[in-house]
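S.K.: Once you've had a glance at the structure underneath, I'll fire off some questions.
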Amino acid sequence: MLLCDLDRIPYPFADNSFEELRAIHVIEHVADVIKSMEEFSPPGSARGRVRIETPHYTDFSSFCDPTHRWH
C-alpha cells in the first residue's frame with residue numbers, strides 16, 4: 001500500500017506500474033481534475049484499465065460533503 005497526496009503532481013508511480021487503476025469517489029476531491037486524469041493514464045500498461053466513479057451531481061450526497069471541490 002502506498003499513501004500519496006493526489007494534489008501533488010506528478011504522482012509517484014512509474015509508467016506501466018498497474019494493470020488496473022480505480023478512483024472510486026476520489027476525483028471530486030482533487031484540486032485539478034484534468035491533471036489528475038492525465039496522471040491516471042501513464043501508470044497503466046497498454047492494456048490497462050482506468051475506472052472512475054463519482055456521485056452524480058444531481059444527488060444530494062454530491063453537495064453534502066464539504067470536501068467535494070467539483071460536482
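Order determines the names: the first chain of the C-alpha cells is A, the second B, and so forth; residues in each chain are numbered 1 upward, and ligands are numbered 1 upward as they are shown.
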Just the alpha helix (DSSP H) stuff from chain A, please, per backbone DSSP, written as a ChimeraX atom specification.
M.R.: /A:33-40,60-64
S.K.: Give me, as a CSV table (one decimal) with all heavy atoms, in the first residue's frame, all polymer residues having an atom no more than 10 Å from Leu6 in chain A, counting only C-alpha atoms and skipping those fewer than 4 positions away in the same chain.
M.R.:
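Okay, out37.csv is ready:
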chain,number,residue,atom,x,y,z
A,10,PRO,N,3.9,15.5,-10.2
A,10,PRO,CA,3.4,14.2,-10.7
A,10,PRO,C,3.3,13.2,-9.6
A,10,PRO,O,3.9,13.3,-8.5
A,10,PRO,CB,4.6,13.8,-11.7
A,10,PRO,CG,5.8,14.5,-11.1
A,10,PRO,CD,5.3,15.8,-10.5
A,11,TYR,N,2.5,12.1,-9.9
A,11,TYR,CA,2.3,11.1,-8.9
A,11,TYR,C,3.5,10.2,-8.9
A,11,TYR,O,4.3,10.1,-9.8
A,11,TYR,CB,1.1,10.2,-9.3
A,11,TYR,CG,-0.3,11.0,-9.2
A,11,TYR,CD1,-1.4,10.5,-9.8
A,11,TYR,CD2,-0.4,12.2,-8.5
A,11,TYR,CE1,-2.6,11.2,-9.7
A,11,TYR,CE2,-1.6,12.8,-8.4
A,11,TYR,CZ,-2.7,12.3,-9.0
A,11,TYR,OH,-3.9,13.0,-8.9
A,12,PRO,N,3.8,9.5,-7.7
A,12,PRO,CA,5.0,8.7,-7.5
A,12,PRO,C,4.9,7.3,-8.1
A,12,PRO,O,5.3,6.4,-7.4
A,12,PRO,CB,5.1,8.7,-6.0
A,12,PRO,CG,3.7,8.7,-5.5
A,12,PRO,CD,3.0,9.6,-6.5
A,26,VAL,N,-13.2,9.7,-5.7
A,26,VAL,CA,-11.9,10.4,-5.5
A,26,VAL,C,-11.8,11.7,-6.3
A,26,VAL,O,-11.5,12.7,-5.7
A,26,VAL,CB,-10.7,9.5,-5.9
A,26,VAL,CG1,-9.4,10.2,-5.8
A,26,VAL,CG2,-10.7,8.3,-4.9
A,27,ILE,N,-12.2,11.6,-7.5
A,27,ILE,CA,-11.9,12.7,-8.5
A,27,ILE,C,-12.6,14.0,-8.1
A,27,ILE,O,-12.1,15.1,-8.3
A,27,ILE,CB,-12.2,12.3,-9.9
A,27,ILE,CG1,-11.5,13.2,-10.9
A,27,ILE,CG2,-13.7,12.4,-10.2
A,27,ILE,CD1,-10.0,12.8,-11.1
A,29,HIS,N,-12.6,15.3,-5.3
A,29,HIS,CA,-11.9,15.8,-4.1
A,29,HIS,C,-10.6,16.5,-4.6
A,29,HIS,O,-10.0,17.3,-3.8
A,29,HIS,CB,-11.6,14.8,-3.1
A,29,HIS,CG,-12.8,14.2,-2.5
A,29,HIS,ND1,-13.4,14.7,-1.4
A,29,HIS,CD2,-13.5,13.1,-2.8
A,29,HIS,CE1,-14.5,14.0,-1.0
A,29,HIS,NE2,-14.5,13.0,-1.9
A,30,VAL,N,-10.1,16.2,-5.8
A,30,VAL,CA,-8.8,16.7,-6.2
A,30,VAL,C,-8.8,18.2,-6.6
A,30,VAL,O,-9.9,18.6,-7.1
A,30,VAL,CB,-8.1,15.8,-7.3
A,30,VAL,CG1,-7.9,14.4,-6.8
A,30,VAL,CG2,-8.9,15.9,-8.6
A,31,ALA,N,-7.7,18.9,-6.6
A,31,ALA,CA,-7.7,20.3,-6.9
A,31,ALA,C,-7.8,20.5,-8.4
A,31,ALA,O,-8.5,21.4,-8.9
A,31,ALA,CB,-6.4,20.9,-6.4
A,32,ASP,N,-7.1,19.6,-9.2
A,32,ASP,CA,-7.1,19.8,-10.7
A,32,ASP,C,-7.5,18.4,-11.3
A,32,ASP,O,-6.7,17.5,-11.5
A,32,ASP,CB,-5.7,20.2,-11.2
A,32,ASP,CG,-5.7,20.6,-12.6
A,32,ASP,OD1,-6.5,20.0,-13.4
A,32,ASP,OD2,-5.0,21.5,-12.9
A,35,LYS,N,-5.5,17.4,-14.7
A,35,LYS,CA,-4.1,16.9,-14.4
A,35,LYS,C,-4.1,15.6,-13.7
A,35,LYS,O,-3.3,14.7,-14.0
A,35,LYS,CB,-3.3,17.9,-13.6
A,35,LYS,CG,-2.9,19.1,-14.4
A,35,LYS,CD,-2.0,20.0,-13.5
A,35,LYS,CE,-1.6,21.2,-14.3
A,35,LYS,NZ,-0.7,22.1,-13.6
A,36,SER,N,-5.1,15.4,-12.8
A,36,SER,CA,-5.2,14.1,-12.1
A,36,SER,C,-5.5,13.0,-13.1
A,36,SER,O,-4.9,11.9,-13.1
A,36,SER,CB,-6.3,14.1,-11.0
A,36,SER,OG,-5.9,15.0,-10.0
A,39,GLU,N,-2.6,12.0,-15.1
A,39,GLU,CA,-1.7,11.2,-14.2
A,39,GLU,C,-2.2,9.7,-14.1
A,39,GLU,O,-1.4,8.8,-14.0
A,39,GLU,CB,-1.5,11.8,-12.8
A,39,GLU,CG,-0.7,13.0,-12.8
A,39,GLU,CD,0.8,12.7,-13.2
A,39,GLU,OE1,1.4,11.8,-12.6
A,39,GLU,OE2,1.3,13.4,-14.1
S.K.: So, with only C-alpha atoms as the atoms that count, which of A:Leu3, A:Val33, A:Cys64, A:Ala23 lies closest to Arg49 in chain A?
M.R.: A:Ala23
S.K.: Taking only C-alpha atoms into account, name the residue in A:Phe63, A:Leu21, A:Ile9, A:Ile34 that is nearest to Arg51 in chain A.
M.R.: A:Leu21
S.K.: Going by DSSP on the backbone, which residues of chain A come out as strand (DSSP E or B)? List them as an mmCIF file with all heavy atoms, in the first residue's frame.
M.R.:
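Here's the written file out-v3.cif:
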data_model
loop_
_atom_site.group_PDB
_atom_site.id
_atom_site.type_symbol
_atom_site.label_atom_id
_atom_site.label_comp_id
_atom_site.auth_asym_id
_atom_site.auth_seq_id
_atom_site.Cartn_x
_atom_site.Cartn_y
_atom_site.Cartn_z
ATOM 1 N N PHE A 18 0.703 -0.465 -13.224
ATOM 2 C CA PHE A 18 -0.572 -1.087 -12.885
ATOM 3 C C PHE A 18 -1.270 -1.640 -14.121
ATOM 4 O O PHE A 18 -1.125 -1.104 -15.206
ATOM 5 C CB PHE A 18 -1.526 -0.060 -12.246
ATOM 6 C CG PHE A 18 -0.945 0.666 -11.083
ATOM 7 C CD1 PHE A 18 -0.554 1.990 -11.201
ATOM 8 C CD2 PHE A 18 -0.794 0.043 -9.859
ATOM 9 C CE1 PHE A 18 -0.017 2.674 -10.130
ATOM 10 C CE2 PHE A 18 -0.263 0.722 -8.786
ATOM 11 C CZ PHE A 18 0.119 2.038 -8.906
ATOM 12 N N GLU A 19 -2.050 -2.683 -13.883
ATOM 13 C CA GLU A 19 -2.932 -3.179 -14.930
ATOM 14 C C GLU A 19 -4.310 -2.549 -14.789
ATOM 15 O O GLU A 19 -5.059 -2.475 -15.748
ATOM 16 C CB GLU A 19 -3.048 -4.696 -14.857
ATOM 17 C CG GLU A 19 -1.753 -5.385 -15.227
ATOM 18 C CD GLU A 19 -1.872 -6.883 -15.182
ATOM 19 O OE1 GLU A 19 -3.005 -7.401 -15.080
ATOM 20 O OE2 GLU A 19 -0.835 -7.543 -15.241
ATOM 21 N N GLU A 20 -4.638 -2.119 -13.581
ATOM 22 C CA GLU A 20 -5.934 -1.501 -13.331
ATOM 23 C C GLU A 20 -5.787 -0.424 -12.270
ATOM 24 O O GLU A 20 -5.089 -0.601 -11.278
ATOM 25 C CB GLU A 20 -6.945 -2.545 -12.861
ATOM 26 C CG GLU A 20 -8.328 -1.979 -12.639
ATOM 27 C CD GLU A 20 -9.341 -3.032 -12.242
ATOM 28 O OE1 GLU A 20 -9.030 -3.852 -11.362
ATOM 29 O OE2 GLU A 20 -10.427 -3.028 -12.816
ATOM 30 N N LEU A 21 -6.449 0.694 -12.501
ATOM 31 C CA LEU A 21 -6.468 1.791 -11.537
ATOM 32 C C LEU A 21 -7.930 2.134 -11.278
ATOM 33 O O LEU A 21 -8.690 2.306 -12.228
ATOM 34 C CB LEU A 21 -5.723 2.998 -12.096
ATOM 35 C CG LEU A 21 -5.559 4.161 -11.137
ATOM 36 C CD1 LEU A 21 -4.214 4.816 -11.351
ATOM 37 C CD2 LEU A 21 -6.678 5.159 -11.281
ATOM 38 N N ARG A 22 -8.299 2.210 -10.021
ATOM 39 C CA ARG A 22 -9.672 2.571 -9.643
ATOM 40 C C ARG A 22 -9.651 3.843 -8.821
ATOM 41 O O ARG A 22 -8.942 3.928 -7.825
ATOM 42 C CB ARG A 22 -10.314 1.463 -8.817
ATOM 43 C CG ARG A 22 -10.509 0.187 -9.566
ATOM 44 C CD ARG A 22 -11.136 -0.840 -8.675
ATOM 45 N NE ARG A 22 -11.138 -2.138 -9.313
ATOM 46 C CZ ARG A 22 -11.616 -3.213 -8.754
ATOM 47 N NH1 ARG A 22 -12.119 -3.165 -7.542
ATOM 48 N NH2 ARG A 22 -11.581 -4.347 -9.404
ATOM 49 N N ALA A 23 -10.433 4.810 -9.237
ATOM 50 C CA ALA A 23 -10.598 6.064 -8.493
ATOM 51 C C ALA A 23 -12.084 6.164 -8.144
ATOM 52 O O ALA A 23 -12.874 6.745 -8.891
ATOM 53 C CB ALA A 23 -10.138 7.247 -9.321
ATOM 54 N N ILE A 24 -12.456 5.569 -7.042
ATOM 55 C CA ILE A 24 -13.858 5.494 -6.639
ATOM 56 C C ILE A 24 -14.125 6.592 -5.608
ATOM 57 O O ILE A 24 -13.559 6.590 -4.514
ATOM 58 C CB ILE A 24 -14.188 4.102 -6.042
ATOM 59 C CG1 ILE A 24 -13.688 2.976 -6.950
ATOM 60 C CG2 ILE A 24 -15.675 3.995 -5.746
ATOM 61 C CD1 ILE A 24 -14.254 2.943 -8.340
ATOM 62 N N GLY A 44 -0.666 2.984 -16.147
ATOM 63 C CA GLY A 44 -1.262 1.751 -16.639
ATOM 64 C C GLY A 44 -0.510 1.173 -17.821
ATOM 65 O O GLY A 44 0.147 1.878 -18.560
ATOM 66 N N SER A 45 -0.617 -0.135 -17.978
ATOM 67 C CA SER A 45 0.001 -0.783 -19.127
ATOM 68 C C SER A 45 -0.813 -0.464 -20.373
ATOM 69 O O SER A 45 -1.891 0.119 -20.305
ATOM 70 C CB SER A 45 0.070 -2.286 -18.898
ATOM 71 O OG SER A 45 -1.235 -2.839 -18.866
ATOM 72 N N ALA A 46 -0.340 -0.892 -21.532
ATOM 73 C CA ALA A 46 -1.039 -0.625 -22.792
ATOM 74 C C ALA A 46 -2.455 -1.202 -22.777
ATOM 75 O O ALA A 46 -3.357 -0.661 -23.391
ATOM 76 C CB ALA A 46 -0.247 -1.198 -23.956
ATOM 77 N N ARG A 47 -2.641 -2.289 -22.068
ATOM 78 C CA ARG A 47 -3.970 -2.901 -21.962
ATOM 79 C C ARG A 47 -4.651 -2.549 -20.646
ATOM 80 O O ARG A 47 -5.656 -3.140 -20.271
ATOM 81 C CB ARG A 47 -3.849 -4.414 -22.058
ATOM 82 C CG ARG A 47 -3.345 -4.875 -23.384
ATOM 83 C CD ARG A 47 -3.354 -6.366 -23.447
ATOM 84 N NE ARG A 47 -2.497 -6.798 -24.531
ATOM 85 C CZ ARG A 47 -2.129 -8.024 -24.730
ATOM 86 N NH1 ARG A 47 -2.538 -8.966 -23.922
ATOM 87 N NH2 ARG A 47 -1.354 -8.340 -25.737
ATOM 88 N N GLY A 48 -4.092 -1.610 -19.924
ATOM 89 C CA GLY A 48 -4.613 -1.253 -18.614
ATOM 90 C C GLY A 48 -5.983 -0.618 -18.668
ATOM 91 O O GLY A 48 -6.435 -0.139 -19.701
ATOM 92 N N ARG A 49 -6.636 -0.619 -17.528
ATOM 93 C CA ARG A 49 -7.963 -0.021 -17.400
ATOM 94 C C ARG A 49 -7.927 1.041 -16.311
ATOM 95 O O ARG A 49 -7.242 0.884 -15.306
ATOM 96 C CB ARG A 49 -8.982 -1.073 -16.983
ATOM 97 C CG ARG A 49 -9.162 -2.166 -17.964
ATOM 98 C CD ARG A 49 -10.054 -3.200 -17.349
ATOM 99 N NE ARG A 49 -10.938 -3.695 -18.374
ATOM 100 C CZ ARG A 49 -11.973 -4.460 -18.153
ATOM 101 N NH1 ARG A 49 -12.277 -4.809 -16.923
ATOM 102 N NH2 ARG A 49 -12.720 -4.877 -19.142
ATOM 103 N N VAL A 50 -8.707 2.085 -16.537
ATOM 104 C CA VAL A 50 -8.906 3.116 -15.525
ATOM 105 C C VAL A 50 -10.409 3.209 -15.291
ATOM 106 O O VAL A 50 -11.177 3.379 -16.240
ATOM 107 C CB VAL A 50 -8.352 4.492 -15.979
ATOM 108 C CG1 VAL A 50 -8.670 5.559 -14.955
ATOM 109 C CG2 VAL A 50 -6.860 4.405 -16.222
ATOM 110 N N ARG A 51 -10.811 3.078 -14.036
ATOM 111 C CA ARG A 51 -12.232 3.175 -13.682
ATOM 112 C C ARG A 51 -12.404 4.341 -12.727
ATOM 113 O O ARG A 51 -11.768 4.404 -11.671
ATOM 114 C CB ARG A 51 -12.703 1.886 -13.026
ATOM 115 C CG ARG A 51 -14.159 1.943 -12.634
ATOM 116 C CD ARG A 51 -14.601 0.643 -12.039
ATOM 117 N NE ARG A 51 -15.982 0.759 -11.604
ATOM 118 C CZ ARG A 51 -16.774 -0.266 -11.453
ATOM 119 N NH1 ARG A 51 -16.334 -1.484 -11.697
ATOM 120 N NH2 ARG A 51 -18.007 -0.085 -11.041
ATOM 121 N N ILE A 52 -13.261 5.280 -13.110
ATOM 122 C CA ILE A 52 -13.529 6.462 -12.282
ATOM 123 C C ILE A 52 -15.024 6.488 -11.979
ATOM 124 O O ILE A 52 -15.847 6.426 -12.893
ATOM 125 C CB ILE A 52 -13.116 7.755 -13.021
ATOM 126 C CG1 ILE A 52 -11.617 7.743 -13.304
ATOM 127 C CG2 ILE A 52 -13.513 8.979 -12.205
ATOM 128 C CD1 ILE A 52 -11.144 8.871 -14.180
ATOM 129 N N GLU A 53 -15.364 6.589 -10.699
ATOM 130 C CA GLU A 53 -16.759 6.718 -10.272
ATOM 131 C C GLU A 53 -16.872 7.944 -9.379
ATOM 132 O O GLU A 53 -15.986 8.199 -8.564
ATOM 133 C CB GLU A 53 -17.213 5.495 -9.477
ATOM 134 C CG GLU A 53 -17.335 4.243 -10.288
ATOM 135 C CD GLU A 53 -17.855 3.077 -9.466
ATOM 136 O OE1 GLU A 53 -18.464 3.300 -8.381
ATOM 137 O OE2 GLU A 53 -17.639 1.943 -9.893
#
